[in-house]
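Next comes final-v2.txt, a file with compact mmCIF, N, CA and C atoms.
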```
# COMPACT_ATOMS: atom_id res chain seq x y z
N MET A 39 -16.89 -2.52 -0.68
CA MET A 39 -17.78 -3.65 -0.48
C MET A 39 -17.14 -4.64 0.48
N ARG A 40 -18.00 -5.34 1.19
CA ARG A 40 -17.57 -6.38 2.12
C ARG A 40 -17.90 -7.74 1.50
N TYR A 41 -16.86 -8.56 1.31
CA TYR A 41 -17.01 -9.87 0.69
C TYR A 41 -16.73 -10.96 1.72
N GLY A 42 -17.67 -11.85 1.91
CA GLY A 42 -17.46 -13.00 2.77
C GLY A 42 -16.90 -14.16 1.96
N PHE A 43 -16.19 -15.05 2.65
CA PHE A 43 -15.67 -16.26 2.01
C PHE A 43 -15.49 -17.34 3.06
N LEU A 44 -15.47 -18.59 2.63
CA LEU A 44 -15.23 -19.70 3.53
C LEU A 44 -13.76 -19.67 3.91
N GLY A 45 -13.48 -19.36 5.16
CA GLY A 45 -12.12 -19.15 5.63
C GLY A 45 -11.55 -20.40 6.27
N PRO A 46 -10.36 -20.24 6.83
CA PRO A 46 -9.62 -18.99 7.05
C PRO A 46 -8.94 -18.51 5.77
N GLU A 47 -8.16 -17.44 5.91
CA GLU A 47 -7.40 -16.95 4.75
C GLU A 47 -6.53 -18.09 4.21
N THR A 48 -6.29 -18.06 2.94
CA THR A 48 -5.50 -19.03 2.16
C THR A 48 -6.30 -20.26 1.75
N THR A 49 -7.58 -20.35 2.09
CA THR A 49 -8.39 -21.46 1.58
C THR A 49 -8.54 -21.32 0.07
N PHE A 50 -8.99 -22.36 -0.58
CA PHE A 50 -9.24 -22.28 -2.01
C PHE A 50 -10.36 -21.27 -2.31
N THR A 51 -11.32 -21.15 -1.40
CA THR A 51 -12.38 -20.16 -1.59
C THR A 51 -11.82 -18.75 -1.49
N HIS A 52 -10.89 -18.54 -0.59
CA HIS A 52 -10.21 -17.24 -0.48
C HIS A 52 -9.46 -16.95 -1.77
N GLN A 53 -8.76 -17.95 -2.30
CA GLN A 53 -8.05 -17.78 -3.57
C GLN A 53 -9.02 -17.43 -4.70
N ALA A 54 -10.17 -18.10 -4.73
CA ALA A 54 -11.17 -17.82 -5.76
C ALA A 54 -11.66 -16.39 -5.66
N LEU A 55 -11.89 -15.91 -4.45
CA LEU A 55 -12.35 -14.53 -4.26
C LEU A 55 -11.28 -13.55 -4.72
N LEU A 56 -10.03 -13.78 -4.35
CA LEU A 56 -8.95 -12.89 -4.78
C LEU A 56 -8.84 -12.85 -6.30
N GLN A 57 -8.96 -14.02 -6.95
CA GLN A 57 -8.92 -14.07 -8.41
C GLN A 57 -10.07 -13.28 -9.02
N ALA A 58 -11.27 -13.47 -8.48
CA ALA A 58 -12.44 -12.77 -9.02
C ALA A 58 -12.29 -11.26 -8.86
N LEU A 59 -11.79 -10.82 -7.73
CA LEU A 59 -11.61 -9.38 -7.51
C LEU A 59 -10.55 -8.82 -8.46
N ALA A 60 -9.49 -9.58 -8.71
CA ALA A 60 -8.44 -9.12 -9.62
C ALA A 60 -8.95 -9.03 -11.06
N GLU A 61 -9.89 -9.90 -11.41
CA GLU A 61 -10.42 -9.92 -12.78
C GLU A 61 -11.50 -8.86 -13.00
N THR A 62 -12.02 -8.28 -11.93
CA THR A 62 -13.10 -7.28 -12.06
C THR A 62 -12.81 -6.05 -11.21
N PRO A 63 -11.67 -5.38 -11.43
CA PRO A 63 -11.31 -4.24 -10.58
C PRO A 63 -12.31 -3.09 -10.65
N GLU A 64 -13.02 -2.97 -11.76
CA GLU A 64 -14.00 -1.88 -11.89
C GLU A 64 -15.14 -2.02 -10.88
N GLU A 65 -15.40 -3.22 -10.41
CA GLU A 65 -16.51 -3.44 -9.49
C GLU A 65 -16.22 -2.91 -8.09
N HIS A 66 -14.95 -2.73 -7.75
CA HIS A 66 -14.63 -2.21 -6.42
C HIS A 66 -13.70 -1.00 -6.51
N ALA A 67 -13.88 -0.21 -7.56
CA ALA A 67 -13.04 0.97 -7.78
C ALA A 67 -13.26 2.04 -6.72
N ALA A 68 -14.40 2.01 -6.04
CA ALA A 68 -14.71 3.04 -5.04
C ALA A 68 -13.88 2.88 -3.77
N GLY A 69 -13.20 1.77 -3.60
CA GLY A 69 -12.39 1.57 -2.41
C GLY A 69 -11.93 0.12 -2.32
N ASP A 70 -11.01 -0.10 -1.41
CA ASP A 70 -10.49 -1.46 -1.24
C ASP A 70 -11.59 -2.37 -0.70
N PRO A 71 -11.71 -3.55 -1.27
CA PRO A 71 -12.71 -4.48 -0.74
C PRO A 71 -12.28 -4.98 0.64
N VAL A 72 -13.25 -5.25 1.48
CA VAL A 72 -13.01 -5.82 2.80
C VAL A 72 -13.36 -7.30 2.71
N LEU A 73 -12.40 -8.16 3.03
CA LEU A 73 -12.60 -9.60 2.95
C LEU A 73 -12.85 -10.15 4.34
N VAL A 74 -13.95 -10.88 4.49
CA VAL A 74 -14.38 -11.37 5.80
C VAL A 74 -14.44 -12.90 5.77
N PRO A 75 -13.55 -13.59 6.50
CA PRO A 75 -13.59 -15.05 6.53
C PRO A 75 -14.70 -15.55 7.45
N PHE A 76 -15.30 -16.67 7.07
CA PHE A 76 -16.33 -17.32 7.88
C PHE A 76 -15.98 -18.78 8.06
N ALA A 77 -16.39 -19.35 9.18
CA ALA A 77 -16.11 -20.76 9.47
C ALA A 77 -17.04 -21.70 8.70
N SER A 78 -18.19 -21.19 8.28
CA SER A 78 -19.13 -22.04 7.54
C SER A 78 -19.92 -21.20 6.55
N VAL A 79 -20.41 -21.85 5.52
CA VAL A 79 -21.25 -21.17 4.54
C VAL A 79 -22.56 -20.74 5.19
N ALA A 80 -23.08 -21.54 6.11
CA ALA A 80 -24.33 -21.19 6.79
C ALA A 80 -24.19 -19.89 7.56
N THR A 81 -23.10 -19.73 8.30
CA THR A 81 -22.87 -18.50 9.05
C THR A 81 -22.70 -17.31 8.11
N ALA A 82 -21.96 -17.51 7.05
CA ALA A 82 -21.75 -16.43 6.08
C ALA A 82 -23.06 -16.02 5.43
N THR A 83 -23.89 -17.00 5.14
CA THR A 83 -25.18 -16.70 4.52
C THR A 83 -26.07 -15.88 5.45
N THR A 84 -26.03 -16.20 6.73
CA THR A 84 -26.80 -15.42 7.71
C THR A 84 -26.37 -13.96 7.67
N ASP A 85 -25.06 -13.72 7.62
CA ASP A 85 -24.56 -12.35 7.55
C ASP A 85 -24.90 -11.68 6.22
N LEU A 86 -24.89 -12.46 5.14
CA LEU A 86 -25.26 -11.92 3.83
C LEU A 86 -26.72 -11.46 3.84
N LEU A 87 -27.59 -12.31 4.35
CA LEU A 87 -29.01 -11.97 4.39
C LEU A 87 -29.31 -10.81 5.33
N ALA A 88 -28.48 -10.65 6.37
CA ALA A 88 -28.65 -9.55 7.32
C ALA A 88 -28.05 -8.25 6.81
N GLY A 89 -27.30 -8.32 5.69
CA GLY A 89 -26.68 -7.13 5.14
C GLY A 89 -25.34 -6.78 5.76
N ASP A 90 -24.78 -7.70 6.56
CA ASP A 90 -23.48 -7.45 7.18
C ASP A 90 -22.32 -7.61 6.20
N ILE A 91 -22.54 -8.38 5.14
CA ILE A 91 -21.60 -8.45 4.01
C ILE A 91 -22.41 -8.21 2.74
N ASP A 92 -21.73 -7.77 1.70
CA ASP A 92 -22.40 -7.43 0.44
C ASP A 92 -22.47 -8.58 -0.54
N ALA A 93 -21.51 -9.49 -0.45
CA ALA A 93 -21.45 -10.63 -1.37
C ALA A 93 -20.72 -11.77 -0.67
N LEU A 94 -20.88 -12.96 -1.20
CA LEU A 94 -20.29 -14.15 -0.59
C LEU A 94 -19.70 -15.04 -1.67
N MET A 95 -18.45 -15.47 -1.48
CA MET A 95 -17.82 -16.47 -2.34
C MET A 95 -17.89 -17.79 -1.58
N ALA A 96 -18.57 -18.77 -2.16
CA ALA A 96 -18.74 -20.05 -1.50
C ALA A 96 -18.44 -21.18 -2.48
N PRO A 97 -17.86 -22.27 -1.99
CA PRO A 97 -17.61 -23.41 -2.87
C PRO A 97 -18.93 -24.10 -3.21
N ILE A 98 -19.11 -24.44 -4.46
CA ILE A 98 -20.37 -25.07 -4.85
C ILE A 98 -20.15 -26.44 -5.50
N GLU A 99 -18.98 -26.66 -6.09
CA GLU A 99 -18.74 -27.92 -6.78
C GLU A 99 -17.24 -28.16 -6.92
N ASN A 100 -16.85 -29.45 -6.88
CA ASN A 100 -15.50 -29.79 -7.30
C ASN A 100 -15.57 -30.98 -8.24
N SER A 101 -14.52 -31.17 -8.99
CA SER A 101 -14.55 -32.12 -10.10
C SER A 101 -14.58 -33.58 -9.65
N VAL A 102 -14.22 -33.89 -8.41
CA VAL A 102 -14.21 -35.27 -7.96
C VAL A 102 -15.46 -35.60 -7.14
N GLU A 103 -15.75 -34.79 -6.15
CA GLU A 103 -16.85 -35.06 -5.23
C GLU A 103 -18.17 -34.48 -5.68
N GLY A 104 -18.15 -33.64 -6.70
CA GLY A 104 -19.39 -33.04 -7.17
C GLY A 104 -19.81 -31.86 -6.31
N GLY A 105 -21.10 -31.73 -6.07
CA GLY A 105 -21.63 -30.59 -5.34
C GLY A 105 -21.17 -30.55 -3.89
N VAL A 106 -20.98 -29.34 -3.39
CA VAL A 106 -20.61 -29.12 -1.99
C VAL A 106 -21.92 -28.97 -1.21
N SER A 107 -22.27 -30.01 -0.47
CA SER A 107 -23.61 -30.09 0.11
C SER A 107 -23.94 -28.93 1.05
N GLY A 108 -22.98 -28.44 1.82
CA GLY A 108 -23.26 -27.32 2.72
C GLY A 108 -23.74 -26.10 1.98
N THR A 109 -23.12 -25.80 0.86
CA THR A 109 -23.53 -24.65 0.05
C THR A 109 -24.86 -24.93 -0.65
N LEU A 110 -25.00 -26.10 -1.21
CA LEU A 110 -26.24 -26.44 -1.91
C LEU A 110 -27.44 -26.43 -0.96
N ASP A 111 -27.23 -26.90 0.28
CA ASP A 111 -28.31 -26.89 1.26
C ASP A 111 -28.77 -25.47 1.57
N VAL A 112 -27.80 -24.56 1.73
CA VAL A 112 -28.14 -23.17 2.02
C VAL A 112 -28.89 -22.55 0.85
N LEU A 113 -28.43 -22.80 -0.36
CA LEU A 113 -29.10 -22.24 -1.54
C LEU A 113 -30.52 -22.78 -1.70
N ALA A 114 -30.71 -24.05 -1.36
CA ALA A 114 -32.04 -24.64 -1.49
C ALA A 114 -33.01 -24.12 -0.43
N ALA A 115 -32.48 -23.62 0.68
CA ALA A 115 -33.32 -23.18 1.79
C ALA A 115 -33.86 -21.76 1.64
N THR A 116 -33.36 -21.00 0.68
CA THR A 116 -33.82 -19.62 0.53
C THR A 116 -33.86 -19.22 -0.93
N ASP A 117 -34.77 -18.33 -1.24
CA ASP A 117 -34.79 -17.77 -2.59
C ASP A 117 -34.30 -16.33 -2.58
N ALA A 118 -33.72 -15.93 -1.44
CA ALA A 118 -33.23 -14.55 -1.29
C ALA A 118 -31.78 -14.39 -1.74
N ILE A 119 -31.17 -15.47 -2.22
CA ILE A 119 -29.77 -15.41 -2.67
C ILE A 119 -29.73 -15.76 -4.15
N THR A 120 -28.98 -14.98 -4.90
CA THR A 120 -28.82 -15.20 -6.34
C THR A 120 -27.35 -15.41 -6.66
N ILE A 121 -27.04 -16.43 -7.44
CA ILE A 121 -25.67 -16.63 -7.91
C ILE A 121 -25.45 -15.64 -9.05
N VAL A 122 -24.43 -14.80 -8.92
CA VAL A 122 -24.19 -13.76 -9.93
C VAL A 122 -22.93 -14.00 -10.75
N ALA A 123 -22.07 -14.91 -10.31
CA ALA A 123 -20.84 -15.19 -11.04
C ALA A 123 -20.26 -16.50 -10.54
N GLU A 124 -19.32 -17.04 -11.30
CA GLU A 124 -18.60 -18.21 -10.85
C GLU A 124 -17.11 -18.01 -11.09
N GLN A 125 -16.31 -18.71 -10.33
CA GLN A 125 -14.86 -18.62 -10.45
C GLN A 125 -14.30 -20.03 -10.38
N THR A 126 -13.51 -20.40 -11.36
CA THR A 126 -12.87 -21.71 -11.36
C THR A 126 -11.45 -21.56 -10.83
N VAL A 127 -11.07 -22.47 -9.94
CA VAL A 127 -9.74 -22.41 -9.33
C VAL A 127 -9.03 -23.74 -9.59
N GLN A 128 -7.80 -23.66 -10.07
CA GLN A 128 -6.97 -24.85 -10.24
C GLN A 128 -6.48 -25.27 -8.85
N ILE A 129 -6.77 -26.50 -8.47
CA ILE A 129 -6.43 -26.99 -7.13
C ILE A 129 -5.20 -27.89 -7.21
N THR A 130 -4.25 -27.62 -6.34
CA THR A 130 -3.06 -28.45 -6.19
C THR A 130 -2.87 -28.73 -4.71
N PHE A 131 -2.62 -29.97 -4.36
CA PHE A 131 -2.44 -30.33 -2.96
C PHE A 131 -0.99 -30.66 -2.67
N VAL A 132 -0.59 -30.44 -1.43
CA VAL A 132 0.71 -30.88 -0.93
C VAL A 132 0.47 -31.58 0.40
N LEU A 133 1.36 -32.47 0.75
CA LEU A 133 1.34 -33.07 2.08
C LEU A 133 2.42 -32.38 2.89
N ALA A 134 2.03 -31.71 3.94
CA ALA A 134 2.98 -30.98 4.78
C ALA A 134 3.15 -31.73 6.10
N ALA A 135 4.40 -31.83 6.53
CA ALA A 135 4.71 -32.48 7.81
C ALA A 135 5.93 -31.79 8.40
N ARG A 136 6.19 -32.08 9.63
CA ARG A 136 7.39 -31.53 10.26
C ARG A 136 8.62 -32.02 9.48
N GLU A 137 9.64 -31.19 9.43
CA GLU A 137 10.84 -31.49 8.65
C GLU A 137 11.41 -32.86 9.00
N ALA A 138 11.81 -33.57 7.97
CA ALA A 138 12.47 -34.88 8.07
C ALA A 138 11.56 -35.98 8.60
N THR A 139 10.26 -35.81 8.52
CA THR A 139 9.34 -36.86 8.96
C THR A 139 9.08 -37.82 7.80
N PRO A 140 9.48 -39.09 7.93
CA PRO A 140 9.22 -40.06 6.86
C PRO A 140 7.72 -40.34 6.75
N LEU A 141 7.25 -40.64 5.55
CA LEU A 141 5.83 -40.91 5.36
C LEU A 141 5.33 -42.04 6.26
N ASP A 142 6.16 -43.07 6.46
CA ASP A 142 5.69 -44.21 7.25
C ASP A 142 5.59 -43.90 8.75
N GLU A 143 6.03 -42.71 9.16
CA GLU A 143 5.89 -42.31 10.57
C GLU A 143 4.72 -41.37 10.80
N LEU A 144 4.02 -41.01 9.75
CA LEU A 144 2.84 -40.16 9.92
C LEU A 144 1.73 -40.96 10.59
N THR A 145 1.15 -40.41 11.63
CA THR A 145 0.07 -41.09 12.33
C THR A 145 -1.30 -40.54 11.94
N THR A 146 -1.36 -39.26 11.55
CA THR A 146 -2.62 -38.63 11.18
C THR A 146 -2.41 -37.69 10.01
N VAL A 147 -3.30 -37.73 9.04
CA VAL A 147 -3.33 -36.78 7.94
C VAL A 147 -4.67 -36.07 8.03
N SER A 148 -4.63 -34.75 8.09
CA SER A 148 -5.85 -33.97 8.27
C SER A 148 -6.08 -33.05 7.07
N SER A 149 -7.32 -33.01 6.60
CA SER A 149 -7.70 -32.11 5.51
C SER A 149 -9.22 -32.04 5.44
N HIS A 150 -9.71 -31.18 4.56
CA HIS A 150 -11.15 -31.09 4.32
C HIS A 150 -11.61 -32.37 3.62
N PRO A 151 -12.80 -32.88 3.94
CA PRO A 151 -13.27 -34.12 3.30
C PRO A 151 -13.29 -34.10 1.77
N HIS A 152 -13.58 -32.96 1.16
CA HIS A 152 -13.55 -32.90 -0.31
C HIS A 152 -12.12 -33.07 -0.81
N ALA A 153 -11.16 -32.49 -0.11
CA ALA A 153 -9.75 -32.65 -0.50
C ALA A 153 -9.32 -34.11 -0.31
N GLN A 154 -9.74 -34.71 0.79
CA GLN A 154 -9.41 -36.11 1.03
C GLN A 154 -9.92 -36.99 -0.11
N ALA A 155 -11.12 -36.72 -0.56
CA ALA A 155 -11.69 -37.51 -1.66
C ALA A 155 -10.89 -37.35 -2.94
N GLN A 156 -10.36 -36.15 -3.16
CA GLN A 156 -9.62 -35.90 -4.39
C GLN A 156 -8.26 -36.60 -4.40
N VAL A 157 -7.72 -36.92 -3.23
CA VAL A 157 -6.40 -37.55 -3.18
C VAL A 157 -6.46 -38.92 -2.50
N GLN A 158 -7.63 -39.52 -2.43
CA GLN A 158 -7.79 -40.77 -1.69
C GLN A 158 -6.91 -41.90 -2.21
N GLY A 159 -6.72 -41.99 -3.51
CA GLY A 159 -5.86 -43.04 -4.06
C GLY A 159 -4.43 -42.89 -3.58
N TRP A 160 -3.91 -41.68 -3.62
CA TRP A 160 -2.54 -41.43 -3.16
C TRP A 160 -2.43 -41.71 -1.67
N LEU A 161 -3.43 -41.30 -0.89
CA LEU A 161 -3.40 -41.56 0.55
C LEU A 161 -3.34 -43.05 0.83
N ARG A 162 -4.15 -43.84 0.13
CA ARG A 162 -4.16 -45.29 0.34
C ARG A 162 -2.80 -45.91 0.01
N ARG A 163 -2.19 -45.43 -1.06
CA ARG A 163 -0.89 -45.99 -1.48
C ARG A 163 0.26 -45.51 -0.60
N SER A 164 0.23 -44.27 -0.16
CA SER A 164 1.41 -43.65 0.43
C SER A 164 1.41 -43.56 1.95
N VAL A 165 0.24 -43.43 2.55
CA VAL A 165 0.17 -43.31 4.02
C VAL A 165 -0.99 -44.16 4.54
N SER A 166 -1.01 -45.41 4.11
CA SER A 166 -2.15 -46.28 4.40
C SER A 166 -2.35 -46.55 5.89
N GLU A 167 -1.32 -46.42 6.69
CA GLU A 167 -1.44 -46.67 8.13
C GLU A 167 -1.89 -45.43 8.91
N ALA A 168 -1.87 -44.28 8.29
CA ALA A 168 -2.22 -43.03 8.99
C ALA A 168 -3.73 -42.91 9.15
N ASN A 169 -4.12 -42.31 10.27
CA ASN A 169 -5.52 -41.97 10.49
C ASN A 169 -5.84 -40.75 9.63
N ILE A 170 -6.97 -40.78 8.93
CA ILE A 170 -7.38 -39.65 8.10
C ILE A 170 -8.44 -38.88 8.88
N ALA A 171 -8.13 -37.63 9.22
CA ALA A 171 -9.02 -36.80 10.04
C ALA A 171 -9.60 -35.66 9.22
N ALA A 172 -10.81 -35.28 9.53
CA ALA A 172 -11.48 -34.18 8.83
C ALA A 172 -11.11 -32.84 9.47
N ALA A 173 -10.92 -31.84 8.63
CA ALA A 173 -10.69 -30.46 9.07
C ALA A 173 -11.70 -29.58 8.36
N SER A 174 -11.92 -28.38 8.88
CA SER A 174 -12.90 -27.48 8.27
C SER A 174 -12.43 -26.97 6.91
N SER A 175 -11.11 -26.98 6.67
CA SER A 175 -10.55 -26.59 5.38
C SER A 175 -9.12 -27.11 5.31
N THR A 176 -8.57 -27.15 4.11
CA THR A 176 -7.17 -27.54 3.97
C THR A 176 -6.27 -26.50 4.64
N ALA A 177 -6.65 -25.23 4.55
CA ALA A 177 -5.86 -24.17 5.18
C ALA A 177 -5.88 -24.31 6.70
N ALA A 178 -7.02 -24.67 7.27
CA ALA A 178 -7.10 -24.86 8.72
C ALA A 178 -6.23 -26.04 9.16
N ALA A 179 -6.21 -27.10 8.36
CA ALA A 179 -5.37 -28.25 8.69
C ALA A 179 -3.90 -27.85 8.69
N ALA A 180 -3.48 -27.07 7.71
CA ALA A 180 -2.08 -26.61 7.65
C ALA A 180 -1.77 -25.69 8.82
N ARG A 181 -2.69 -24.81 9.15
CA ARG A 181 -2.49 -23.89 10.27
C ARG A 181 -2.35 -24.67 11.58
N ASP A 182 -3.17 -25.70 11.76
CA ASP A 182 -3.11 -26.50 12.98
C ASP A 182 -1.79 -27.26 13.10
N LEU A 183 -1.19 -27.61 11.97
CA LEU A 183 0.10 -28.30 11.99
C LEU A 183 1.22 -27.37 12.44
N ALA A 184 1.14 -26.13 12.03
CA ALA A 184 2.20 -25.15 12.33
C ALA A 184 2.25 -24.85 13.77
```
Reformat the file's structure so that it appears as structure tokens.
Amino acid sequence: MRYGFLGPETTFTHQALLQALAETPEEHAAGDPVLVPFASVATATTDLLAGDIDALMAPIENSVEGGVSGTLDVLAATDAITIVAEQTVQITFVLAAREATPLDELTTVSSHPHAQAQVQGWLRRSVSEANIAAASSTAAAARDLA
């Protein structure tokens, strides 16, 4: 089976898909699953509806920001998609910077807006002078730093 997920690899959605596959090995016993990263839920949904992927793991809710509007918008726009399972992922954040960079020298902190919302209090207290920039995912922000 071909499984789409909100990428790139190492996103929380990727982690959720890996957990779900590990918990249900009988569902893909016929062969190794193919994991396909997508830049957006909308693009992944187009491929799902076209039959280019067999299933899609998409973020739908988090405990701080609530519903993930991009996913909810896609689900509201079609009745051709059915939610068949859910996966809960424990989320932990880290602040990554170049070695030996003091917090007060950070000029920009980049992450996904939902992640920013989950750590906004810490950001205000710890890096209040830094510009907060949006990234397509926390994994993409880390990749861009490297």
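Nearest to Leu86 in chain A of all the residues A:Val112, A:Gly42, A:Ala58, A:His52 is A:Gly42, based on only N, CA and C atoms.
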Shell of 8 Å around Ser149 in chain A, only N, CA and C atoms, local chain residues under 6 positions omitted, as number ranges by chain = A: 155, 170-180
Atoms to include: N, CA and C atoms. Write the selected residues as a PDB file, in the frame of the given file.
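Result file out.pdb:
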```pdb
ATOM      1  N   ALA A 155     -11.120 -36.720  -0.560  1.00  0.00           N
ATOM      2  CA  ALA A 155     -11.690 -37.510  -1.660  1.00  0.00           C
ATOM      3  C   ALA A 155     -10.890 -37.350  -2.940  1.00  0.00           C
ATOM      4  N   ILE A 170      -6.970 -40.780   8.930  1.00  0.00           N
ATOM      5  CA  ILE A 170      -7.380 -39.650   8.100  1.00  0.00           C
ATOM      6  C   ILE A 170      -8.440 -38.880   8.880  1.00  0.00           C
ATOM      7  N   ALA A 171      -8.130 -37.630   9.220  1.00  0.00           N
ATOM      8  CA  ALA A 171      -9.020 -36.800  10.040  1.00  0.00           C
ATOM      9  C   ALA A 171      -9.600 -35.660   9.220  1.00  0.00           C
ATOM     10  N   ALA A 172     -10.810 -35.280   9.530  1.00  0.00           N
ATOM     11  CA  ALA A 172     -11.480 -34.180   8.830  1.00  0.00           C
ATOM     12  C   ALA A 172     -11.110 -32.840   9.470  1.00  0.00           C
ATOM     13  N   ALA A 173     -10.920 -31.840   8.630  1.00  0.00           N
ATOM     14  CA  ALA A 173     -10.690 -30.460   9.070  1.00  0.00           C
ATOM     15  C   ALA A 173     -11.700 -29.580   8.360  1.00  0.00           C
ATOM     16  N   SER A 174     -11.920 -28.380   8.880  1.00  0.00           N
ATOM     17  CA  SER A 174     -12.900 -27.480   8.270  1.00  0.00           C
ATOM     18  C   SER A 174     -12.430 -26.970   6.910  1.00  0.00           C
ATOM     19  N   SER A 175     -11.110 -26.980   6.670  1.00  0.00           N
ATOM     20  CA  SER A 175     -10.550 -26.590   5.380  1.00  0.00           C
ATOM     21  C   SER A 175      -9.120 -27.110   5.310  1.00  0.00           C
ATOM     22  N   THR A 176      -8.570 -27.150   4.110  1.00  0.00           N
ATOM     23  CA  THR A 176      -7.170 -27.540   3.970  1.00  0.00           C
ATOM     24  C   THR A 176      -6.270 -26.500   4.640  1.00  0.00           C
ATOM     25  N   ALA A 177      -6.650 -25.230   4.550  1.00  0.00           N
ATOM     26  CA  ALA A 177      -5.860 -24.170   5.180  1.00  0.00           C
ATOM     27  C   ALA A 177      -5.880 -24.310   6.700  1.00  0.00           C
ATOM     28  N   ALA A 178      -7.020 -24.670   7.270  1.00  0.00           N
ATOM     29  CA  ALA A 178      -7.100 -24.860   8.720  1.00  0.00           C
ATOM     30  C   ALA A 178      -6.230 -26.040   9.160  1.00  0.00           C
ATOM     31  N   ALA A 179      -6.210 -27.100   8.360  1.00  0.00           N
ATOM     32  CA  ALA A 179      -5.370 -28.250   8.690  1.00  0.00           C
ATOM     33  C   ALA A 179      -3.900 -27.850   8.690  1.00  0.00           C
ATOM     34  N   ALA A 180      -3.480 -27.070   7.710  1.00  0.00           N
ATOM     35  CA  ALA A 180      -2.080 -26.610   7.650  1.00  0.00           C
ATOM     36  C   ALA A 180      -1.770 -25.690   8.820  1.00  0.00           C
TER      37      ALA A 180
END
```
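Straight-line separation from atom C of Glu99 in chain A to CA of Ser148 in chain A: 19.9 Å.
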The residue from A:Thr109, A:Thr120, A:Thr130, A:Asn100 with the smallest atom-to-atom distance to Thr81 in chain A, counting only C-alpha atoms, is A:Thr109
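Here CA of Leu113 in chain A stands at a distance of 20.9 Å from CA of His150 in chain A.
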Find the residues near Asp90 in chain A: any atom within 7 Å, counting all atoms listed in the file, skip ones fewer than 5 places away on the same chain, and give them as a PyMOL selection string.
-> chain A and resi 40+84-85
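Reported to one decimal place, the separation of CA of Glu124 in chain A from CA of Ser107 in chain A is 16.9 Å.
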Around all the atoms of range 152-170 of chain A listed in the file, draw an axis-aligned box and extend it by 4 Å on each of the six sides; I want its centre and edge lengths in Å to one decimal, as JSON.
```
{"center_x": -6.1, "center_y": -39.6, "center_z": 3.0, "size_x": 23.0, "size_y": 22.2, "size_z": 22.9}
```
Can you list, as number ranges by chain, every protein, DNA or RNA residue that comes within 9 Å of range 143-145 of chain A when you count only C-alpha atoms, leaving out same-chain residues fewer than 6 positions away?
-> A: 135, 165, 167-170
Backbone DSSP call of alpha helix (DSSP H) for chain A, listed as a PyMOL selection string | chain A and resi 50-61+79-88+107-115+151-156+158-164+176-183
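In this comparison, which uses only C-alpha atoms, the residue of A:Leu44, A:Ala80, A:Ala96, A:Val147 approaching Thr116 in chain A most closely is A:Ala80.
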